[in-house]
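Asks: Sharing my_file_7.pdb (PDB, C-alpha atoms) below.
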ATOM      1  CA  MET A  18      -2.156 -15.724  -0.310  1.00  0.00           C
ATOM      2  CA  LEU A  19      -2.122 -13.002  -2.945  1.00  0.00           C
ATOM      3  CA  PRO A  20       0.335 -10.133  -2.630  1.00  0.00           C
ATOM      4  CA  PRO A  21      -1.123  -6.689  -1.905  1.00  0.00           C
ATOM      5  CA  GLY A  22      -1.247  -4.133  -4.684  1.00  0.00           C
ATOM      6  CA  ILE A  23      -2.364  -4.335  -8.283  1.00  0.00           C
ATOM      7  CA  ASN A  24       1.141  -4.511  -9.759  1.00  0.00           C
ATOM      8  CA  ALA A  25       2.163  -7.335  -7.438  1.00  0.00           C
ATOM      9  CA  PHE A  26      -1.083  -9.164  -8.232  1.00  0.00           C
ATOM     10  CA  ARG A  27      -0.561  -8.814 -11.982  1.00  0.00           C
ATOM     11  CA  HIS A  28       3.018 -10.034 -11.705  1.00  0.00           C
ATOM     12  CA  ALA A  29       2.057 -13.001  -9.486  1.00  0.00           C
ATOM     13  CA  LEU A  30      -0.773 -13.946 -11.838  1.00  0.00           C
ATOM     14  CA  ALA A  31       1.513 -13.930 -14.876  1.00  0.00           C
ATOM     15  CA  GLU A  32       4.140 -16.003 -13.064  1.00  0.00           C
ATOM     16  CA  LYS A  33       1.576 -18.524 -11.834  1.00  0.00           C
ATOM     17  CA  LEU A  34      -0.020 -18.933 -15.256  1.00  0.00           C
ATOM     18  CA  GLU A  35       3.362 -19.364 -16.894  1.00  0.00           C
ATOM     19  CA  ALA A  36       4.477 -21.920 -14.306  1.00  0.00           C
ATOM     20  CA  GLU A  37       1.241 -23.919 -14.538  1.00  0.00           C
ATOM     21  CA  GLN A  38       0.689 -23.606 -18.288  1.00  0.00           C
ATOM     22  CA  ALA A  39       1.666 -27.230 -18.976  1.00  0.00           C
ATOM     23  CA  LYS A  40      -1.029 -28.431 -16.574  1.00  0.00           C
ATOM     24  CA  LEU A  41      -3.803 -26.382 -18.181  1.00  0.00           C
ATOM     25  CA  THR A  42      -6.040 -27.625 -20.950  1.00  0.00           C
ATOM     26  CA  PRO A  43      -6.183 -25.574 -24.161  1.00  0.00           C
ATOM     27  CA  LEU A  44      -9.638 -24.316 -23.159  1.00  0.00           C
ATOM     28  CA  SER A  45      -8.331 -23.248 -19.741  1.00  0.00           C
ATOM     29  CA  GLN A  46      -5.404 -21.457 -21.371  1.00  0.00           C
ATOM     30  CA  GLU A  47      -7.813 -19.626 -23.675  1.00  0.00           C
ATOM     31  CA  LEU A  48     -10.104 -18.650 -20.790  1.00  0.00           C
ATOM     32  CA  PHE A  49      -7.246 -17.415 -18.616  1.00  0.00           C
ATOM     33  CA  GLY A  50      -5.864 -15.489 -21.586  1.00  0.00           C
ATOM     34  CA  LYS A  51      -9.229 -13.792 -22.059  1.00  0.00           C
ATOM     35  CA  LEU A  52      -9.456 -13.041 -18.335  1.00  0.00           C
ATOM     36  CA  CYS A  53      -5.994 -11.452 -18.397  1.00  0.00           C
ATOM     37  CA  ALA A  54      -6.980  -9.344 -21.417  1.00  0.00           C
ATOM     38  CA  GLU A  55     -10.186  -8.267 -19.651  1.00  0.00           C
ATOM     39  CA  PHE A  56      -8.175  -7.413 -16.533  1.00  0.00           C
ATOM     40  CA  LYS A  57      -5.886  -5.170 -18.608  1.00  0.00           C
ATOM     41  CA  LYS A  58      -8.915  -3.508 -20.193  1.00  0.00           C
ATOM     42  CA  VAL A  59     -10.465  -2.804 -16.795  1.00  0.00           C
ATOM     43  CA  GLU A  60      -7.136  -1.435 -15.527  1.00  0.00           C
ATOM     44  CA  THR A  61      -7.032   0.944 -18.488  1.00  0.00           C
ATOM     45  CA  GLU A  62     -10.574   2.120 -17.802  1.00  0.00           C
ATOM     46  CA  VAL A  63      -9.855   2.632 -14.108  1.00  0.00           C
ATOM     47  CA  ALA A  64      -6.763   4.687 -14.980  1.00  0.00           C
ATOM     48  CA  TYR A  65      -8.848   6.798 -17.374  1.00  0.00           C
ATOM     49  CA  TYR A  66     -11.508   7.504 -14.765  1.00  0.00           C
ATOM     50  CA  ASP A  67      -8.896   8.178 -12.083  1.00  0.00           C
ATOM     51  CA  GLU A  68      -7.426  10.817 -14.388  1.00  0.00           C
ATOM     52  CA  LYS A  69     -10.848  12.398 -14.935  1.00  0.00           C
ATOM     53  CA  LEU A  70     -11.573  12.316 -11.197  1.00  0.00           C
ATOM     54  CA  GLN A  71      -8.236  13.962 -10.461  1.00  0.00           C
ATOM     55  CA  ALA A  72      -9.044  16.728 -12.958  1.00  0.00           C
ATOM     56  CA  MET A  73     -12.511  17.200 -11.460  1.00  0.00           C
ATOM     57  CA  ALA A  74     -11.092  17.385  -7.938  1.00  0.00           C
ATOM     58  CA  THR A  75      -8.500  20.030  -8.705  1.00  0.00           C
ATOM     59  CA  THR A  76     -10.755  22.424 -10.628  1.00  0.00           C
ATOM     60  CA  PRO A  77     -13.282  23.874  -8.133  1.00  0.00           C
ATOM     61  CA  PRO A  78     -11.859  25.983  -5.299  1.00  0.00           C
ATOM     62  CA  GLU A  79     -13.882  23.988  -2.760  1.00  0.00           C
ATOM     63  CA  SER A  80     -12.140  20.797  -3.872  1.00  0.00           C
ATOM     64  CA  GLN A  81      -8.756  22.455  -3.751  1.00  0.00           C
ATOM     65  CA  ARG A  82      -9.372  23.417  -0.119  1.00  0.00           C
ATOM     66  CA  LEU A  83     -10.591  19.929   0.763  1.00  0.00           C
ATOM     67  CA  LEU A  84      -7.494  18.380  -0.845  1.00  0.00           C
ATOM     68  CA  THR A  85      -5.284  20.290   1.605  1.00  0.00           C
ATOM     69  CA  ILE A  86      -6.744  18.264   4.488  1.00  0.00           C
ATOM     70  CA  PRO A  87      -4.596  15.213   5.321  1.00  0.00           C
ATOM     71  CA  GLY A  88      -6.390  12.021   4.350  1.00  0.00           C
ATOM     72  CA  ILE A  89      -8.744  13.685   1.862  1.00  0.00           C
ATOM     73  CA  GLY A  90      -8.068  12.651  -1.710  1.00  0.00           C
ATOM     74  CA  PRO A  91      -9.793  13.319  -5.016  1.00  0.00           C
ATOM     75  CA  LEU A  92     -12.462  10.669  -4.467  1.00  0.00           C
ATOM     76  CA  THR A  93     -13.478  11.944  -1.029  1.00  0.00           C
ATOM     77  CA  ALA A  94     -13.316  15.602  -2.079  1.00  0.00           C
ATOM     78  CA  THR A  95     -15.581  15.124  -5.090  1.00  0.00           C
ATOM     79  CA  ALA A  96     -17.950  12.887  -3.107  1.00  0.00           C
ATOM     80  CA  LEU A  97     -18.281  15.499  -0.357  1.00  0.00           C
ATOM     81  CA  ILE A  98     -18.986  18.278  -2.822  1.00  0.00           C
ATOM     82  CA  ALA A  99     -21.552  16.140  -4.630  1.00  0.00           C
ATOM     83  CA  ALA A 100     -23.267  15.080  -1.399  1.00  0.00           C
ATOM     84  CA  VAL A 101     -23.262  18.389   0.445  1.00  0.00           C
ATOM     85  CA  GLY A 102     -23.620  20.911  -2.349  1.00  0.00           C
ATOM     86  CA  ASP A 103     -23.910  24.239  -0.547  1.00  0.00           C
ATOM     87  CA  VAL A 104     -22.261  24.236   2.867  1.00  0.00           C
ATOM     88  CA  GLY A 105     -24.117  27.457   3.725  1.00  0.00           C
ATOM     89  CA  GLY A 106     -26.798  25.369   5.416  1.00  0.00           C
ATOM     90  CA  PHE A 107     -24.357  24.520   8.205  1.00  0.00           C
ATOM     91  CA  THR A 108     -23.547  27.205  10.746  1.00  0.00           C
ATOM     92  CA  ASN A 109     -20.335  25.521  11.876  1.00  0.00           C
ATOM     93  CA  GLY A 110     -18.115  22.495  11.397  1.00  0.00           C
ATOM     94  CA  ARG A 111     -19.769  20.645  14.257  1.00  0.00           C
ATOM     95  CA  GLN A 112     -23.138  20.687  12.468  1.00  0.00           C
ATOM     96  CA  PHE A 113     -21.507  19.427   9.301  1.00  0.00           C
ATOM     97  CA  ALA A 114     -19.781  16.621  11.216  1.00  0.00           C
ATOM     98  CA  ALA A 115     -23.071  15.635  12.853  1.00  0.00           C
ATOM     99  CA  TRP A 116     -24.744  15.578   9.468  1.00  0.00           C
TER     100      TRP A 116
END
Please express the file's structure as structure tokens.
Replies:
Amino acid sequence: MLPPGINAFRHALAEKLEAEQAKLTPLSQELFGKLCAEFKKVETEVAYYDEKLQAMATTPPESQRLLTIPGIGPLTATALIAAVGDVGGFTNGRQFAAW
């Protein structure tokens, strides 16, 4: 069973690879090394896009209002604004919820 969370996963993966390194063939070691490097690259890209998303979510006033609602984060706020656009088409919150 893998531990929850990206940091715990990364740590467990490094420990497991280090502990089992003697059992791995040189090709396997190379492949796992490349996979770990790719994992780090993807983590960097995700962090970059999270930063951009956070900036996008805090700029428009509509997003700022949505972010005050418990459980609404940058991803949900920007997705709602992108999906709904102008909320003027809804006469009340109940219509929006039904939509």
Asks: Once the PyMOL selection byres ((chain A and resi 82-93) around 12) has been applied to the shown file, what residues remain in the selection, as an MDAnalysis selection string?
Replies: chainID A and resid 66:81 94:101
Asks: Please, what distance in Å, to one decimal, runs between atom CA of A:Glu62 and atom CA of A:Leu44?
Replies: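 Distance between the two atoms: 27.0 Å.
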Asks: Using Å and a single decimal, report how far atom CA of A:Glu32 sits from atom CA of A:Val63.
Replies: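 So the answer is 23.3 Å.
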Asks: Between atom CA of A:Leu41 and atom CA of A:Pro21, what distance in Å does the model show, to one decimal?
Replies: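 Spanning atom CA of A:Leu41 to atom CA of A:Pro21 is a straight-line distance of 25.7 Å.
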Asks: Closest to A:Ile23 among A:Arg111, A:Lys40, A:Lys57, A:Lys51, using all atoms listed in the file?
Replies: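 Among the listed residues, A:Lys57 lies closest to A:Ile23.
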Asks: Smallest atom-to-atom distance to A:Trp116: which of A:Val104, A:Leu34, A:Val59, A:Ala39, using all atoms listed in the file?
Replies: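 Counting all atoms listed in the file, the residue closest to A:Trp116 is A:Val104.
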Asks: As JSON, please: the centre and edge lengths in Å, to one decimal, of an axis-aligned box enclosing every listed atom of stretch 24-27 of chain A with 5 Å added on each side.
Replies:
{"center_x": 0.5, "center_y": -6.8, "center_z": -9.7, "size_x": 13.2, "size_y": 14.7, "size_z": 14.5}
